[in-house]
Amino acid sequence: MEINDLTPAERRVWDAFPHGEGVDFREDPDETGATGQSWGPERTLRAEVITALLLNGPAVAGQVPGLNIRGARITGKLNLRYAVVDHPLRLRACWFERRPMLHGAQLRVFVANDSTLPGLTADSLRVDMSLRLSCCRITGPVRLSGARIAGGLFLRRAVIGTPPADTPDREEDAEAPPLQINHADIGTDIIATDLTVHGQTRINGTTVGGQINLDDARLLAPGGTALHAENLTVGTDLRAMRTELRGGVNLTGSRVPGQLNFAYARFLNPGGVALRASSCQAGEVWLRSCDTIQGGLNLRRSQFDLFHMPPGTWPEEIRIDGLTYRTLAPHLPAEERLPALEREESGYVPYAYEQLAAAYRTAGDEAAARTVQLAKLRRHRRTQPRHTRLWGLLQDATVGYGFRPLRAAGWLLALLLTGWIAYGLRPPRPIKAGEAPDFNPVFYTLDLMLPIIGFGQEAAFAPSGWYQWLSYLLIVTGWILATTTAAGVSRALQRQ
């Protein structure tokens with residue numbers, strides 16, 4: 001391109017480039033690229049001029065070249081496909097007529113904060129420092145699949161995509177996810193606080209060296225998948241506090257060694273799965289102070305060190321078979337945790353009860369652990385045929401399956417008092433007059449109830465009438481209590 005072809009606005013940029021000086025076309029320092037379509041020739045730059053500068057721009061000895069523009073209207077297509085650019089590229093508060101093409105490019109740094117773009121194609125992009133799109137308004141898809149960014153990716157307060165009522169510029173954009181960062185490698189962090197995405201956000205298979213911060217974001221894909229992040233690997237934390245998630249969240253197979261923090265978030269996907277984090281590994285999972293999840297919850301085969309989820313957050317449909325956690329918070333009575341296990345989609349899952357009981361034991365709450373084990377056996381009883389439930393009912397009523405041993409003592413005491421009073425008022429006749437020992441109603445009742453211990457009372461006296469039927473009842477009840485108690489003790493020993 002001949003230097004004589006440049007407009008006055010382009011000449012300002014051309015002259016500033018060798019010195020790395022900034023050119024500010026803005027009339028107001030708070031101006032962004034939102035109104036750039038109406039800007040005149042005095043602040044219009046052709047994309048081909050910018051490309052020529054970056055690839056073959058003038059240089060001055062002892063100076064570091066760089067492109068630093070604010071408030072420009074950029075017409076045409078900024079095409080840096082497979083280009084190697086050794087100079088920093090900063091286009092803040094600019095308006096782009098067409099989406100920049102950075103596919104396969106190698107850049108030092110790319111900054112487009114406060115700009116308005118119809119999209120960004122940057123698959124397989126290489127950036128030595130950071131990629132900054134904060135406060136941008138991007139109506140078309142942002143494609144960063146396979147990108148390698150040594151520093152961070154910044155999307156603070158950006159708005160990406162268009163609401164469903166709006167028509168995309170091209171028909172193919174209607175099907176493309178607005179934000180795609182699949183199989184990318186981000187050296188430090190993805191900072192996307194206050195981000196708004198109209199459509200699906202995809203970060204499948206991406207590796208992030210630091211954290212992902214989606215605090216206060218709005219990921220809006222009603223009826224679809226708002227966040228698709230299968231096999232995501234994060235170096236520290238994935239934060240999404242106060243985030244609105246309209247559509248499903250898929251974290252299947254992800255690895256988050258620090259916090260997976262959804263505190264105060266809203267999961268809204270009625271009729272579908274709101275949160276799927278199956279086969280996921282995380283240090284701490286926080287669902288504190290969240291509204292009830294609207295949609296299904298799938299945590300099958302996941303492993304968490306700390307799982308913070310109040311009972312009110314659990315949805316009506318869950319899948320938690322194989323979910324493992326060491327600590328469950330907040331620490332609540334077992335009676336408040338057990339109803340959630342009844343919502344398991346696949347029915348009775350013994351492991352879910354065992355895991356909850358183990359968490360209570362880890363916290364030192366043995367009473368709550370026993371309550372969970374008792375609830376497990378009662379739930380199991382409901383799955384059995386009717387004719388096999390009787391024995392379970394007897395064990396439950398007498399000794400609580402071994403978890404309530406004092407119940408047997410209560411039954412024995414009640415029967416002992418009954419026999420004491422009944423036979424005390426009307427002692428039975430001796431079988432052999434003159435040879436029988438003195439009658440004692442207490443030990444006579446114990447002789448009837450305890451099948452092993454003998455006090456010599458039962459063999460010496462013979463009740464009659466309804467007292468005889470009472471003796472039969474005491475004998476049968478004693479055998480039942482002894483058998484169920486033995487079964488309960490055996491089960492307790494097996495748990496040890």
# chains A, B, ... in the order shown; residues from 1 in each chain; ligands from 1
>>> residues_around(residues="Arg301 of chain A", least_positions_apart="6", cutoff="9 Å", atoms="only C-alpha atoms", output="PyMOL selection string")
chain A and resi 277-280+320-324
>>> closest_atom_pairs(of="segment 251-276 of chain A", to="segment 241-247 of chain A", cutoff="12 Å", atoms="only C-alpha atoms", output="tab-separated table")
residue	atom	partner	partner_atom	distance
A:Gln259	CA	A:Met241	CA	11.2
A:Leu260	CA	A:Met241	CA	9.7
A:Asn261	CA	A:Met241	CA	6.3
A:Phe262	CA	A:Met241	CA	4.9
A:Ala263	CA	A:Met241	CA	4.9
A:Tyr264	CA	A:Arg242	CA	4.7
A:Ala265	CA	A:Arg242	CA	4.3
A:Arg266	CA	A:Glu244	CA	5.0
A:Phe267	CA	A:Leu245	CA	5.1
A:Leu268	CA	A:Arg246	CA	4.8
A:Asn269	CA	A:Gly247	CA	4.7
A:Pro270	CA	A:Gly247	CA	8.4
A:Gly271	CA	A:Gly247	CA	10.1
A:Gly272	CA	A:Gly247	CA	8.2
A:Val273	CA	A:Gly247	CA	8.3
A:Ala274	CA	A:Gly247	CA	6.5
A:Leu275	CA	A:Gly247	CA	9.1
A:Arg276	CA	A:Gly247	CA	11.3
>>> closest_residue(among="A:Leu54, A:Pro65, A:Trp286, A:Val60", to="Asn79 of chain A", atoms="only C-alpha atoms")
A:Leu54
>>> residues_around(residues="segment 123-126 of chain A", least_positions_apart="3", cutoff="8 Å", atoms="only C-alpha atoms", output="PyMOL selection string")
chain A and resi 102-107+143-149
>>> write_last_selection(atoms="all heavy atoms", output="mmCIF file, in the first residue's frame")
data_model
loop_
_atom_site.group_PDB
_atom_site.id
_atom_site.type_symbol
_atom_site.label_atom_id
_atom_site.label_comp_id
_atom_site.auth_asym_id
_atom_site.auth_seq_id
_atom_site.Cartn_x
_atom_site.Cartn_y
_atom_site.Cartn_z
ATOM 1 N N LEU A 102 -8.589 -14.188 13.005
ATOM 2 C CA LEU A 102 -7.297 -14.439 13.655
ATOM 3 C C LEU A 102 -6.981 -15.926 13.683
ATOM 4 O O LEU A 102 -6.146 -16.367 14.487
ATOM 5 C CB LEU A 102 -7.315 -13.888 15.092
ATOM 6 C CG LEU A 102 -7.682 -12.414 15.262
ATOM 7 C CD1 LEU A 102 -7.659 -12.036 16.731
ATOM 8 C CD2 LEU A 102 -6.727 -11.521 14.473
ATOM 9 N N HIS A 103 -7.587 -16.706 12.837
ATOM 10 C CA HIS A 103 -7.394 -18.156 12.846
ATOM 11 C C HIS A 103 -5.923 -18.500 12.621
ATOM 12 O O HIS A 103 -5.308 -18.100 11.630
ATOM 13 C CB HIS A 103 -8.245 -18.797 11.756
ATOM 14 C CG HIS A 103 -8.099 -20.283 11.683
ATOM 15 N ND1 HIS A 103 -8.850 -21.142 12.444
ATOM 16 C CD2 HIS A 103 -7.260 -21.064 10.942
ATOM 17 C CE1 HIS A 103 -8.501 -22.396 12.177
ATOM 18 N NE2 HIS A 103 -7.532 -22.371 11.256
ATOM 19 N N GLY A 104 -5.335 -19.260 13.574
ATOM 20 C CA GLY A 104 -3.961 -19.703 13.431
ATOM 21 C C GLY A 104 -2.920 -18.617 13.573
ATOM 22 O O GLY A 104 -1.733 -18.875 13.346
ATOM 23 N N ALA A 105 -3.321 -17.407 13.944
ATOM 24 C CA ALA A 105 -2.367 -16.305 14.064
ATOM 25 C C ALA A 105 -1.513 -16.459 15.321
ATOM 26 O O ALA A 105 -1.887 -17.148 16.275
ATOM 27 C CB ALA A 105 -3.099 -14.974 14.084
ATOM 28 N N GLN A 106 -0.356 -15.799 15.311
ATOM 29 C CA GLN A 106 0.524 -15.745 16.472
ATOM 30 C C GLN A 106 0.716 -14.278 16.841
ATOM 31 O O GLN A 106 1.305 -13.505 16.073
ATOM 32 C CB GLN A 106 1.871 -16.402 16.171
ATOM 33 C CG GLN A 106 1.769 -17.874 15.812
ATOM 34 C CD GLN A 106 3.129 -18.503 15.556
ATOM 35 O OE1 GLN A 106 4.114 -18.161 16.198
ATOM 36 N NE2 GLN A 106 3.174 -19.438 14.615
ATOM 37 N N LEU A 107 0.201 -13.927 18.018
ATOM 38 C CA LEU A 107 0.213 -12.533 18.461
ATOM 39 C C LEU A 107 0.956 -12.393 19.778
ATOM 40 O O LEU A 107 1.068 -13.350 20.549
ATOM 41 C CB LEU A 107 -1.217 -12.016 18.634
ATOM 42 C CG LEU A 107 -2.203 -12.208 17.469
ATOM 43 C CD1 LEU A 107 -3.567 -11.671 17.853
ATOM 44 C CD2 LEU A 107 -1.677 -11.530 16.215
ATOM 45 N N ARG A 143 -15.033 -17.639 18.529
ATOM 46 C CA ARG A 143 -14.471 -18.979 18.346
ATOM 47 C C ARG A 143 -13.003 -18.971 18.749
ATOM 48 O O ARG A 143 -12.159 -18.381 18.069
ATOM 49 C CB ARG A 143 -14.628 -19.425 16.895
ATOM 50 C CG ARG A 143 -16.092 -19.551 16.475
ATOM 51 C CD ARG A 143 -16.243 -19.808 14.995
ATOM 52 N NE ARG A 143 -17.643 -19.987 14.627
ATOM 53 C CZ ARG A 143 -18.099 -20.013 13.377
ATOM 54 N NH1 ARG A 143 -17.246 -19.879 12.369
ATOM 55 N NH2 ARG A 143 -19.381 -20.170 13.139
ATOM 56 N N LEU A 144 -12.734 -19.661 19.852
ATOM 57 C CA LEU A 144 -11.377 -19.751 20.378
ATOM 58 C C LEU A 144 -10.959 -21.206 20.571
ATOM 59 O O LEU A 144 -10.071 -21.497 21.379
ATOM 60 C CB LEU A 144 -11.272 -19.000 21.708
ATOM 61 C CG LEU A 144 -11.372 -17.476 21.628
ATOM 62 C CD1 LEU A 144 -11.594 -16.885 23.008
ATOM 63 C CD2 LEU A 144 -10.134 -16.882 20.995
ATOM 64 N N SER A 145 -11.594 -22.107 19.860
ATOM 65 C CA SER A 145 -11.260 -23.526 20.003
ATOM 66 C C SER A 145 -9.812 -23.775 19.606
ATOM 67 O O SER A 145 -9.341 -23.281 18.583
ATOM 68 C CB SER A 145 -12.188 -24.377 19.136
ATOM 69 O OG SER A 145 -13.522 -24.257 19.580
ATOM 70 N N GLY A 146 -9.120 -24.542 20.458
ATOM 71 C CA GLY A 146 -7.730 -24.859 20.178
ATOM 72 C C GLY A 146 -6.762 -23.722 20.402
ATOM 73 O O GLY A 146 -5.576 -23.840 20.068
ATOM 74 N N ALA A 147 -7.225 -22.611 20.983
ATOM 75 C CA ALA A 147 -6.336 -21.471 21.220
ATOM 76 C C ALA A 147 -5.325 -21.801 22.312
ATOM 77 O O ALA A 147 -5.597 -22.594 23.222
ATOM 78 C CB ALA A 147 -7.150 -20.239 21.598
ATOM 79 N N ARG A 148 -4.155 -21.175 22.237
ATOM 80 C CA ARG A 148 -3.119 -21.307 23.250
ATOM 81 C C ARG A 148 -2.751 -19.898 23.705
ATOM 82 O O ARG A 148 -2.143 -19.129 22.962
ATOM 83 C CB ARG A 148 -1.886 -22.023 22.686
ATOM 84 C CG ARG A 148 -2.152 -23.435 22.189
ATOM 85 C CD ARG A 148 -2.488 -24.376 23.344
ATOM 86 N NE ARG A 148 -2.688 -25.757 22.882
ATOM 87 C CZ ARG A 148 -3.874 -26.253 22.558
ATOM 88 N NH1 ARG A 148 -4.947 -25.481 22.622
ATOM 89 N NH2 ARG A 148 -3.989 -27.506 22.168
ATOM 90 N N ILE A 149 -3.151 -19.583 24.923
ATOM 91 C CA ILE A 149 -2.935 -18.242 25.464
ATOM 92 C C ILE A 149 -2.047 -18.373 26.696
ATOM 93 O O ILE A 149 -2.443 -18.976 27.699
ATOM 94 C CB ILE A 149 -4.271 -17.568 25.821
ATOM 95 C CG1 ILE A 149 -5.172 -17.499 24.578
ATOM 96 C CG2 ILE A 149 -4.041 -16.174 26.383
ATOM 97 C CD1 ILE A 149 -6.571 -17.008 24.856
#
>>> atom_distance(atom1="atom CA of Leu117 of chain A", atom2="atom CA of Asp215 of chain A")
23.7 Å
>>> residues_around(residues="Pro257 of chain A", least_positions_apart="2", cutoff="12 Å", atoms="only C-alpha atoms", output="PyMOL selection string")
chain A and resi 208-211+232-238+254-255+259-261+280-285+303-306
>>> write_last_selection(atoms="N, CA and C atoms", output="compact mmCIF listing (two decimals), in the first residue's frame")
# COMPACT_ATOMS: atom_id res chain seq x y z
N VAL A 208 -7.07 -24.97 32.01
CA VAL A 208 -6.84 -23.63 32.54
C VAL A 208 -5.86 -23.75 33.70
N GLY A 209 -4.72 -23.07 33.59
CA GLY A 209 -3.70 -23.20 34.60
C GLY A 209 -4.09 -22.63 35.95
N GLY A 210 -4.91 -21.60 35.96
CA GLY A 210 -5.34 -20.98 37.20
C GLY A 210 -6.80 -21.25 37.49
N GLN A 211 -7.60 -20.19 37.57
CA GLN A 211 -9.02 -20.33 37.90
C GLN A 211 -9.90 -19.85 36.75
N LEU A 232 -13.24 -30.68 31.47
CA LEU A 232 -12.53 -29.44 31.77
C LEU A 232 -11.52 -29.69 32.88
N THR A 233 -10.34 -29.09 32.76
CA THR A 233 -9.31 -29.20 33.79
C THR A 233 -8.92 -27.80 34.25
N VAL A 234 -9.08 -27.57 35.55
CA VAL A 234 -8.79 -26.25 36.12
C VAL A 234 -7.69 -26.40 37.15
N GLY A 235 -6.74 -25.46 37.15
CA GLY A 235 -5.63 -25.55 38.09
C GLY A 235 -6.03 -25.31 39.53
N THR A 236 -6.95 -24.38 39.77
CA THR A 236 -7.37 -24.08 41.14
C THR A 236 -8.88 -24.17 41.28
N ASP A 237 -9.60 -23.06 41.03
CA ASP A 237 -11.03 -22.99 41.32
C ASP A 237 -11.85 -22.71 40.07
N LEU A 238 -13.10 -23.14 40.13
CA LEU A 238 -14.12 -22.70 39.19
C LEU A 238 -15.19 -22.00 40.00
N SER A 254 -15.00 -33.42 34.62
CA SER A 254 -14.13 -32.27 34.88
C SER A 254 -13.29 -32.49 36.13
N ARG A 255 -12.19 -31.76 36.23
CA ARG A 255 -11.27 -31.84 37.36
C ARG A 255 -11.04 -30.44 37.91
N GLN A 259 -11.96 -25.15 44.62
CA GLN A 259 -13.39 -24.98 44.85
C GLN A 259 -14.18 -24.98 43.54
N LEU A 260 -15.27 -25.73 43.55
CA LEU A 260 -16.30 -25.62 42.53
C LEU A 260 -17.45 -24.89 43.20
N ASN A 261 -17.46 -23.57 43.04
CA ASN A 261 -18.26 -22.70 43.91
C ASN A 261 -19.45 -22.13 43.14
N CYS A 280 -17.03 -36.52 38.07
CA CYS A 280 -16.30 -35.26 38.28
C CYS A 280 -15.49 -35.35 39.57
N GLN A 281 -14.33 -34.72 39.61
CA GLN A 281 -13.51 -34.67 40.80
C GLN A 281 -13.30 -33.22 41.20
N ALA A 282 -13.58 -32.93 42.47
CA ALA A 282 -13.42 -31.56 42.96
C ALA A 282 -13.03 -31.59 44.43
N GLY A 283 -12.24 -30.60 44.83
CA GLY A 283 -11.87 -30.51 46.22
C GLY A 283 -13.05 -30.12 47.10
N GLU A 284 -13.66 -29.00 46.77
CA GLU A 284 -14.82 -28.52 47.52
C GLU A 284 -15.92 -28.11 46.54
N VAL A 285 -17.12 -28.55 46.82
CA VAL A 285 -18.28 -28.17 46.00
C VAL A 285 -19.22 -27.37 46.88
N GLN A 303 -16.48 -37.47 42.90
CA GLN A 303 -15.73 -37.53 44.14
C GLN A 303 -15.43 -36.11 44.61
N PHE A 304 -15.92 -35.81 45.82
CA PHE A 304 -15.70 -34.49 46.42
C PHE A 304 -15.09 -34.66 47.80
N ASP A 305 -14.21 -33.75 48.17
CA ASP A 305 -13.68 -33.78 49.52
C ASP A 305 -14.69 -33.13 50.48
N LEU A 306 -15.19 -31.97 50.10
CA LEU A 306 -16.23 -31.27 50.87
C LEU A 306 -17.42 -31.03 49.96
>>> select_by_dssp(residues="segment 182-402 of chain A", states="alpha helix (DSSP H)", output="PyMOL selection string")
chain A and resi 334-341+350-362+366-382+389-399
>>> atom_distance(atom1="atom CA of Leu446 of chain A", atom2="atom CA of Ser464 of chain A")
18.2 Å
>>> residues_around(residues="Val442 of chain A", least_positions_apart="5", cutoff="8 Å", atoms="only C-alpha atoms", output="PDB file with N, CA and C atoms, in the first residue's frame")
ATOM      1  N   LEU A 416     -42.592 -57.695  81.597  1.00  0.00           N
ATOM      2  CA  LEU A 416     -42.300 -58.087  82.971  1.00  0.00           C
ATOM      3  C   LEU A 416     -43.316 -57.486  83.940  1.00  0.00           C
ATOM      4  N   GLY A 419     -46.685 -59.408  83.495  1.00  0.00           N
ATOM      5  CA  GLY A 419     -46.692 -60.696  84.181  1.00  0.00           C
ATOM      6  C   GLY A 419     -46.627 -60.559  85.699  1.00  0.00           C
ATOM      7  N   TRP A 420     -45.821 -59.620  86.173  1.00  0.00           N
ATOM      8  CA  TRP A 420     -45.695 -59.388  87.625  1.00  0.00           C
ATOM      9  C   TRP A 420     -47.061 -59.081  88.231  1.00  0.00           C
TER      10      TRP A 420
END
